[in-house]
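Contents: one structure, followed by commentary.
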Protein chains: 2
Amino acid sequence: MTRETASSQTSIANVAALANVSTATVSRVLSGQRSKDDDIAQRVRQAADQLNYSANFAASSLRSDVTRTIGLVLPQISEEETPTVLLNSLSAAIRAANRYLLLAVGTDAQEQSKDLHSFLARGVDGLIIISDSSADSLIDSLNQAHKDLPIVQIGGKSLTPHISWVGTDESEAMRMTVDHLAEQGAHAIAYLSREIETYTAADLFTTFYTQAKALDLTPDPDWVQFGPCTMERGYQAALSLFQGRRIVPDAVVCASDAVALGVLIACRHINLRVPEDVKIIGYGDSPACELAQPALTSIHPVYEDMANEAVRIICERTTGKPRLPSYRAFKPELIYRESTWSPRTGSSDMTLPGAVDY
Amino acid sequence: MTRETASSQTSIANVAALANVSTATVSRVLSGQRSKDDDIAQRVRQAADQLNYSANFAASSLRSDVTRTIGLVLPQISEEETPTVLLNSLSAAIRAANRYLLLAVGTDAQEQSKDLHSFLARGVDGLIIISDSSADSLIDSLNQAHKDLPIVQIGGKSLTPHISWVGTDESEAMRMTVDHLAEQGAHAIAYLSREIETYTAADLFTTFYTQAKALDLTPDPDWVQFGPCTMERGYQAALSLFQGRRIVPDAVVCASDAVALGVLIACRHINLRVPEDVKIIGYGDSPACELAQPALTSIHPVYEDMANEAVRIICERTTGKPRLPSYRAFKPELIYRESTWSPRTGSSDMTLPGAVDY
DNA sequence: CTGAAAGCGCTAACAT
DNA sequence: ATGTTAGCGCTTTCAG
């Protein structure tokens, strides 16, 4: 039963023969399980090189039950759902850790749950999930799977305490936001939150409220609104805040860049100057922030750090000991742009990065 | 040597025992290699269900030399390089084909070449590459690898005739663009091309020139410029086209949306109205097109079709016969927006479709 | 430290 | 059509 295998013509036996050692020795040398770098090791490496040998992946996984593969489950690839920076960073981190990245885009909880099982059956070494879906099917799957595998969730609301979580310190983000607006002279801040039931919207609101009061920034109850993170919603919310009102806010904190962009457009339509009349701040630091006119100040989650931490957790050696879930919230950065701060140079100068009107 | 394997507790032998058949039969039933759906098949499926069995992936691949895995090699995840729509579509197509997606983001030709080899060693069943790099290392790798595997390149300039190519019919795109501008009343069209050495810039220029002449649109030699696809370049090019000139174009065709956005900004700075004084058209239909003010008309490559075709080529059964590379250029769509066409409703009406996600 | 040999779980060949 | 059996190529015992 001799077949031409497409994947690897040359096997460990060939290398062993050429180096005049046993296959076991070749395996040990090439996988670094051998102390000395003596004559034998040299011969083996040279033979492997000469034959252009690389180990058959399936055989190796079958035997050792290690795939050096990390599964990534996402709801969708888009700036709002999964910032491309995060994806690039994850890919880089996984490459640096000498692993492979298996990607599945599952648009709903059911698909994601299926992806997860399919990854388990395939034998990934770890799982990264980015999702806000709190469907039972998904959470059950996670609670089941975490026993076999390290699983890390990135961002969003922690789906289950059994798996690790990496994300942004949102309360800190809110504090930075409010402080920044106060520094820029804002006195009356509105807050366009996410849906109350998603994420830690309640916690965030509390932080917002506390911080605003501490700074004497009188948050009017009507100025805090919960809703979806879309441009349309930002647009409508802005109209409701500013039109036909005697007292209006002079700053708007938005739960997402999309909402902030909607507010920005609304302001143009009703002839409010940004930042002079209204300051606007977004969340996520998406590429559109720099394209906006004026460029949009936004909270920049440290995606690179989050990606590295997620991969670190998964690759962590836990020989013997049970895995314990870890939780890590990174302090984000506030990216100052024109929407909260009038630069000395003329606005929309092309030497500034970006600057597209919309 | 009995170990607790993390991936799959239950093996095909368990299922065989429970169903009271041989392992071979179980394998055949579950992989659909068996004609009838008789009593035996029922028993096997039920047993598999009951034991929550799923085949060990490594063992299956090792034996059959099939991994149901497609490798995707990219330069970077960003709207310009690899539209997120394309990525989502690829993922969906691969899911529909019941395959896995292995992703590698290699920022330069050398990394991409390494990724490619690493995928080969891993035994992917096929390879999709998105790249414009014409580095020898990469092309050599492709020329070598295509003998073992189906490889499809998506977009960009065909790297080697040995691998399949799927992309956009750029000449058709150019024809549509010029025709559209003529219809909208443009008489003097400028063309900001890509670098002459990249892609089929020369072919495109020829199409542009021929089509413009056929429609009596006198393309001034100074109005055709080659350069990088950046906003900055679009901005500078626009200034050079419009400032201090007696005769200026009334339409600008851009090789990318980024260039078009740069032109848009320049026009605002020098007080040219879009589309009244100048019509602008981009390429790629990136999310920023809808955010721009005025919204940017752009060529929309049919990413979904391209993704499906790429996956189809890879999954194609070629029993016996050698694989022949296929080339397929899809006719794109022209998305009419305000930058070439004054709508009846007020500009940037929030009820316009798509003013939500970006 | 090295080599011999077992066997990971599955599928394909072969025999019935 | 089903069962029996031989490996796929590797890693890891186990013996020396």
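In the structure tokens, chains take the letters A, B, ... in the order shown, each chain's residues start at 1, and ligands count up from 1 in the order shown.
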Quiz item: Given a cut-off of 10 Å, which residues of chain D touch chain B, counting only C-alpha atoms (C1' of nucleotides), written out as a list of chain:residue names?
Solution: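 Contact residues on the first chain: D:DA1, D:DT2, D:DG3, D:DT4, D:DG7, D:DC8, D:DG9, D:DC10, D:DT12, D:DT13.
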Exercise. Please identify all polymer residues within 10 Å of region 108-115 of chain B, counting only C-alpha atoms (C1' of nucleotides), omitting same-chain residues fewer than 6 positions from it, and present them as a list in words.
Key: Arg95 and Tyr100 of chain A; Gly71, Leu72, Val73, Leu74, Pro75, Gln76, Ala121, Ile129, Ile130, Ser131, Asp132, Ser133, Ser134, Ala135, Asp136, Ser137, Leu138, Ile139, Asp140, Ser141 and Leu142 of chain B
Self-check item: Over all C-alpha atoms paired in order - RMSD of chain A on chain B
Solution: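 The C-alpha RMSD comes out at 1.3 Å.
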Quiz item: Could you name the residues that touch Tyr327 (chain B) at 10 Å or less, counting only C-alpha atoms (C1' of nucleotides), but leaving out those on the same chain fewer than 5 positions away, as a list in words?
Solution: Val152, Gln153, Ser158, Pro161, Ile163, Ser164, Trp165, Val166 and Gly167 of chain B
Let's have the selection written as a PDB file, in the first residue's frame, with N, CA and C atoms.
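part_4.pdb, written as the output of this step:
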ATOM      1  N   VAL B 152      -5.643  29.428  -5.687  1.00  0.00           N
ATOM      2  CA  VAL B 152      -6.380  30.489  -6.363  1.00  0.00           C
ATOM      3  C   VAL B 152      -5.916  31.833  -5.834  1.00  0.00           C
ATOM      4  N   GLN B 153      -5.630  32.721  -6.751  1.00  0.00           N
ATOM      5  CA  GLN B 153      -5.340  34.081  -6.346  1.00  0.00           C
ATOM      6  C   GLN B 153      -6.605  34.909  -6.516  1.00  0.00           C
ATOM      7  N   SER B 158      -2.188  38.958 -11.668  1.00  0.00           N
ATOM      8  CA  SER B 158      -1.900  37.529 -11.638  1.00  0.00           C
ATOM      9  C   SER B 158      -0.409  37.296 -11.428  1.00  0.00           C
ATOM     10  N   PRO B 161       1.043  32.327 -14.130  1.00  0.00           N
ATOM     11  CA  PRO B 161      -0.020  31.694 -14.918  1.00  0.00           C
ATOM     12  C   PRO B 161      -0.349  30.282 -14.443  1.00  0.00           C
ATOM     13  N   ILE B 163      -1.261  29.290 -11.461  1.00  0.00           N
ATOM     14  CA  ILE B 163      -2.345  29.182 -10.489  1.00  0.00           C
ATOM     15  C   ILE B 163      -3.588  29.893 -11.011  1.00  0.00           C
ATOM     16  N   SER B 164      -4.723  29.485 -10.472  1.00  0.00           N
ATOM     17  CA  SER B 164      -5.987  30.073 -10.914  1.00  0.00           C
ATOM     18  C   SER B 164      -6.112  31.508 -10.421  1.00  0.00           C
ATOM     19  N   TRP B 165      -6.932  32.257 -11.108  1.00  0.00           N
ATOM     20  CA  TRP B 165      -7.133  33.653 -10.737  1.00  0.00           C
ATOM     21  C   TRP B 165      -8.608  34.008 -10.783  1.00  0.00           C
ATOM     22  N   VAL B 166      -9.049  34.724  -9.776  1.00  0.00           N
ATOM     23  CA  VAL B 166     -10.428  35.203  -9.730  1.00  0.00           C
ATOM     24  C   VAL B 166     -10.378  36.675  -9.368  1.00  0.00           C
ATOM     25  N   GLY B 167     -11.117  37.475 -10.072  1.00  0.00           N
ATOM     26  CA  GLY B 167     -11.083  38.896  -9.748  1.00  0.00           C
ATOM     27  C   GLY B 167     -12.122  39.678 -10.511  1.00  0.00           C
TER      28      GLY B 167
END
Quiz item: When you draw a straight line from CA of Phe208 (chain A) to CA of Val178 (chain A), how long is it in Å?
Solution: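 Separating CA of Phe208 (chain A) from CA of Val178 (chain A) is a distance of 7.2 Å.
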Self-check item: Spatial neighbours of DG9 (chain C), max dist 9 Å, only C-alpha atoms (C1' of nucleotides), sep filter under 5 positions, as a ChimeraX atom specification
Solution: /A:62 /B:11-13,55-60
Quiz item: If we count only C-alpha atoms, which residues of chain A reach to within 7 Å of chain B? Please list them as number ranges by chain.
Solution: A: 5-8, 54, 56-59, 61-62, 65, 76-79, 84, 88, 91, 101-105, 120-123, 148, 230-232, 356-358
